[in-house]
Amino acid sequence: MMRQTINLNKEKRVLFNIIKMMVINCDGIVYGGLVRDEIIATHHKSLFDELDEDDKYSKFWDKSYHPESKFRTLIPNDIDIYFKNNEIAQTFITRVSSFSEQNKGTLFMRNGFLYSMDQRYIHKKMSLIFRLGKTFCNSGFKVEINMDVVVNNNATITTEPPFNNADFSCNIFVMSKTENNRYEIRLSKNTGTKLDEMPFVKKAQLQAKILNDLIEGKSEFIRSMETPDTEYVNGVRIIKILNHPYNFKITNLLFREIENQKSENVCDICQTSFDDCEKQEPLIEILTNKYATYSMHKSCFMQYLANEISKKYVNTSTNNIECKCSRRNVFNFKNSHRFSSLF
């Protein structure tokens, strides 16, 4: 009996690369998490490539092998795509549809909603699903790629992603086409920060810092949008980056991750002592009160923050959503960009 092993992570990585090159070949731009994760994965692969072992590539997808470079296997959750007009967007959709049919996949597509963007842009949500290893006795393994496609519907618009509304400093890079159908990773021209108008040398210096922070797992929250539900949207994005497997630390918010050092203090949420050997995990230090700080377990904080954001508490005086810490001081996410190096 012949057995064939299916590496789902490898298959998904290849599928992402196929879709990515379709976008590039259609003169589209890839932005968001996929670009950030490719920077991380490429760096860690370079560490892996430096290993002096003959059979290392047979263990590439084994995260326990050379854990220092385990993020070489990092795979994004979805892909964010931008096209400058409807014509090339339709070309891309046609190519994805043909690819799906040729490989017995299923393509779903529906209209989406673009928060904080006007009607000059069209948003389409696409899902591409394949069944690998399907037999008469086995339904196979599901591999799914989700795509958020933004299309410019106005010829006078020249703004590119992230449309002057970046959320994190680690998400201001884009992929765009170069000569010979290749692509480059570069800074967006429309980050909405001082980078957009900086002289070349200063811009290059700051870009180097941003990249170094990204590799070290550090990022700044830079979203400066203000609407009544801004803090809800900000909170959702902050939770998403904190749940990223790269363990990002956001450096300019009114909370920060610190090491768990033995002390008689207790977690502000679960009231367990920090020297409890059963809960040896990082702590979150809360800075919402400039006169005094307090701490809690990271897991307690993450659960608390998710619950607080989901409440969508509205301040009746301002009619704006607010997100508060466990001592009921506001986090003021919307003001955090002022403490970023990019403003």
# chains A, B, ... in the order shown; residues from 1 in each chain; ligands from 1
$ select_by_dssp --residues "range 61-279 of chain A" --states "alpha helix (DSSP H)" --output "ChimeraX atom specification"
/A:86-102,200-215,230-242
$ write_last_selection --atoms "C-alpha atoms" --output "compact mmCIF listing (two decimals), in the first residue's frame"
# COMPACT_ATOMS: atom_id res chain seq x y z
CA ASN A 86 -12.33 47.69 -12.24
CA GLU A 87 -10.78 46.36 -15.45
CA ILE A 88 -7.71 44.78 -13.86
CA ALA A 89 -9.80 43.64 -10.88
CA GLN A 90 -12.07 41.71 -13.24
CA THR A 91 -9.01 40.21 -14.95
CA PHE A 92 -7.81 38.96 -11.57
CA ILE A 93 -11.22 37.54 -10.65
CA THR A 94 -11.40 35.73 -14.00
CA ARG A 95 -7.96 34.20 -13.47
CA VAL A 96 -8.78 33.07 -9.93
CA SER A 97 -12.06 31.55 -11.17
CA SER A 98 -10.24 29.65 -13.94
CA PHE A 99 -7.60 28.45 -11.48
CA SER A 100 -10.34 27.22 -9.16
CA GLU A 101 -12.14 25.31 -11.94
CA GLN A 102 -8.93 23.73 -13.24
CA PHE A 200 14.89 60.24 1.33
CA VAL A 201 17.71 59.82 3.88
CA LYS A 202 15.53 60.39 6.96
CA LYS A 203 12.86 58.15 5.51
CA ALA A 204 15.39 55.35 4.91
CA GLN A 205 16.67 55.69 8.47
CA LEU A 206 13.19 55.49 9.97
CA GLN A 207 12.26 52.59 7.70
CA ALA A 208 15.29 50.68 9.00
CA LYS A 209 14.09 51.24 12.57
CA ILE A 210 10.57 50.06 11.72
CA LEU A 211 11.92 46.90 10.09
CA ASN A 212 14.22 46.21 13.01
CA ASP A 213 11.31 46.62 15.43
CA LEU A 214 9.19 44.31 13.26
CA ILE A 215 11.81 41.55 13.37
CA THR A 230 -13.28 54.45 16.72
CA GLU A 231 -12.32 52.87 20.04
CA TYR A 232 -14.24 49.71 19.24
CA VAL A 233 -12.46 49.31 15.90
CA ASN A 234 -9.12 50.20 17.50
CA GLY A 235 -9.64 47.63 20.23
CA VAL A 236 -10.49 44.88 17.75
CA ARG A 237 -7.31 45.58 15.78
CA ILE A 238 -5.18 45.70 18.91
CA ILE A 239 -6.49 42.34 20.10
CA LYS A 240 -5.82 40.85 16.67
CA ILE A 241 -2.15 41.87 16.66
CA LEU A 242 -1.68 40.78 20.30
$ residues_around --residues "range 246-257 of chain A" --least-positions-apart "2" --cutoff "7 Å" --atoms "only C-alpha atoms" --output "JSON, numbers by chain"
{"A": [217, 218, 219, 220, 221, 241, 242, 243, 244, 282, 283, 284, 285, 286, 287, 288, 331, 333, 336, 339, 340]}
$ write_last_selection --atoms "N, CA and C atoms" --output "compact mmCIF listing (two decimals), in the first residue's frame"
# COMPACT_ATOMS: atom_id res chain seq x y z
N GLY A 217 9.63 41.91 16.96
CA GLY A 217 8.29 41.69 17.49
C GLY A 217 7.70 42.91 18.16
N LYS A 218 8.17 44.10 17.78
CA LYS A 218 7.65 45.34 18.36
C LYS A 218 6.96 46.18 17.28
N SER A 219 5.90 46.87 17.68
CA SER A 219 5.18 47.71 16.74
C SER A 219 4.51 48.86 17.48
N GLU A 220 4.21 49.94 16.74
CA GLU A 220 3.49 51.07 17.31
C GLU A 220 2.09 51.12 16.73
N PHE A 221 1.13 51.48 17.57
CA PHE A 221 -0.24 51.68 17.10
C PHE A 221 -0.36 53.10 16.57
N ILE A 241 -3.61 41.90 16.75
CA ILE A 241 -2.15 41.87 16.66
C ILE A 241 -1.55 41.22 17.91
N LEU A 242 -2.19 41.41 19.08
CA LEU A 242 -1.68 40.78 20.30
C LEU A 242 -1.84 39.26 20.27
N ASN A 243 -2.81 38.78 19.50
CA ASN A 243 -3.02 37.33 19.37
C ASN A 243 -2.19 36.71 18.26
N HIS A 244 -1.42 37.52 17.57
CA HIS A 244 -0.57 37.00 16.49
C HIS A 244 0.47 36.06 17.07
N PRO A 282 3.76 36.00 31.40
CA PRO A 282 4.03 37.45 31.37
C PRO A 282 2.89 38.23 32.01
N LEU A 283 3.22 39.44 32.45
CA LEU A 283 2.24 40.33 33.05
C LEU A 283 1.98 41.52 32.14
N ILE A 284 0.84 42.14 32.32
CA ILE A 284 0.53 43.39 31.65
C ILE A 284 0.47 44.48 32.71
N GLU A 285 1.27 45.52 32.51
CA GLU A 285 1.27 46.66 33.42
C GLU A 285 0.38 47.75 32.82
N ILE A 286 -0.58 48.23 33.60
CA ILE A 286 -1.54 49.22 33.13
C ILE A 286 -1.06 50.61 33.53
N LEU A 287 -1.07 51.56 32.56
CA LEU A 287 -0.53 52.89 32.77
C LEU A 287 -1.59 53.98 32.61
N THR A 288 -2.85 53.62 32.72
CA THR A 288 -3.91 54.60 32.48
C THR A 288 -3.99 55.68 33.56
N PHE A 331 -8.56 53.87 28.06
CA PHE A 331 -7.30 53.52 27.43
C PHE A 331 -6.84 54.56 26.42
N PHE A 333 -7.02 54.73 23.11
CA PHE A 333 -6.30 54.19 21.95
C PHE A 333 -6.19 55.22 20.84
N SER A 336 -3.13 57.36 20.93
CA SER A 336 -1.82 56.70 21.05
C SER A 336 -0.87 57.08 19.92
N PHE A 339 2.07 59.43 20.44
CA PHE A 339 3.28 58.99 21.12
C PHE A 339 4.11 58.04 20.24
N SER A 340 3.81 58.04 18.95
CA SER A 340 4.53 57.21 17.99
C SER A 340 5.67 58.01 17.35
$ closest_atom_pairs --of "range 160-190 of chain A" --to "range 134-150 of chain A" --cutoff "12 Å" --atoms "only C-alpha atoms" --output "JSON lines"
{"residue": "A:Glu160", "atom": "CA", "partner": "A:Val150", "partner_atom": "CA", "distance": 10.2}
{"residue": "A:Pro161", "atom": "CA", "partner": "A:Val150", "partner_atom": "CA", "distance": 9.2}
{"residue": "A:Pro162", "atom": "CA", "partner": "A:Val150", "partner_atom": "CA", "distance": 10.7}
{"residue": "A:Phe163", "atom": "CA", "partner": "A:Val150", "partner_atom": "CA", "distance": 10.8}
$ write_last_selection --atoms "C-alpha atoms" --output "mmCIF file, in the first residue's frame"
data_model
loop_
_atom_site.group_PDB
_atom_site.id
_atom_site.type_symbol
_atom_site.label_atom_id
_atom_site.label_comp_id
_atom_site.auth_asym_id
_atom_site.auth_seq_id
_atom_site.Cartn_x
_atom_site.Cartn_y
_atom_site.Cartn_z
ATOM 1 C CA GLU A 160 -2.689 53.331 -2.399
ATOM 2 C CA PRO A 161 -3.057 51.075 0.666
ATOM 3 C CA PRO A 162 -3.281 51.600 3.576
ATOM 4 C CA PHE A 163 -5.126 54.700 2.308
#
$ residues_around --residues "range 7-18 of chain A" --least-positions-apart "2" --cutoff "9 Å" --atoms "only C-alpha atoms" --output "PyMOL selection string"
chain A and resi 5+20-23+34+61+73-76+78-79+132+141-145
$ residues_around --residues "Met296 in chain A" --least-positions-apart "2" --cutoff "9 Å" --atoms "only C-alpha atoms" --output "VMD selection string"
chain A and resid 266 to 271 274 282 to 286 294 298 to 301
$ write_last_selection --atoms "N, CA and C atoms" --output "compact mmCIF listing (two decimals), in the first residue's frame"
# COMPACT_ATOMS: atom_id res chain seq x y z
N VAL A 266 -0.88 41.09 43.60
CA VAL A 266 -1.82 40.15 43.02
C VAL A 266 -2.36 40.70 41.70
N CYS A 267 -2.83 39.80 40.87
CA CYS A 267 -3.44 40.15 39.59
C CYS A 267 -4.71 40.96 39.85
N ASP A 268 -4.87 42.04 39.13
CA ASP A 268 -6.03 42.90 39.33
C ASP A 268 -7.32 42.24 38.89
N ILE A 269 -7.23 41.15 38.13
CA ILE A 269 -8.43 40.47 37.64
C ILE A 269 -8.73 39.23 38.48
N CYS A 270 -7.79 38.28 38.52
CA CYS A 270 -8.06 37.01 39.21
C CYS A 270 -7.66 37.00 40.67
N GLN A 271 -6.95 38.06 41.12
CA GLN A 271 -6.54 38.22 42.51
C GLN A 271 -5.58 37.12 42.98
N PHE A 274 1.33 36.98 42.22
CA PHE A 274 2.24 36.82 41.09
C PHE A 274 3.35 35.81 41.36
N PRO A 282 3.76 36.00 31.40
CA PRO A 282 4.03 37.45 31.37
C PRO A 282 2.89 38.23 32.01
N LEU A 283 3.22 39.44 32.45
CA LEU A 283 2.24 40.33 33.05
C LEU A 283 1.98 41.52 32.14
N ILE A 284 0.84 42.14 32.32
CA ILE A 284 0.53 43.39 31.65
C ILE A 284 0.47 44.48 32.71
N GLU A 285 1.27 45.52 32.51
CA GLU A 285 1.27 46.66 33.42
C GLU A 285 0.38 47.75 32.82
N ILE A 286 -0.58 48.23 33.60
CA ILE A 286 -1.54 49.22 33.13
C ILE A 286 -1.06 50.61 33.53
N TYR A 294 -0.61 49.38 37.91
CA TYR A 294 -0.98 48.08 38.48
C TYR A 294 -0.86 47.04 37.39
N LYS A 298 -1.20 38.27 31.73
CA LYS A 298 -1.50 38.58 30.33
C LYS A 298 -2.78 37.88 29.88
N SER A 299 -2.96 36.63 30.26
CA SER A 299 -4.16 35.91 29.85
C SER A 299 -5.42 36.55 30.44
N CYS A 300 -5.31 37.01 31.70
CA CYS A 300 -6.45 37.70 32.32
C CYS A 300 -6.75 38.99 31.59
N PHE A 301 -5.69 39.72 31.23
CA PHE A 301 -5.86 40.99 30.54
C PHE A 301 -6.50 40.79 29.17
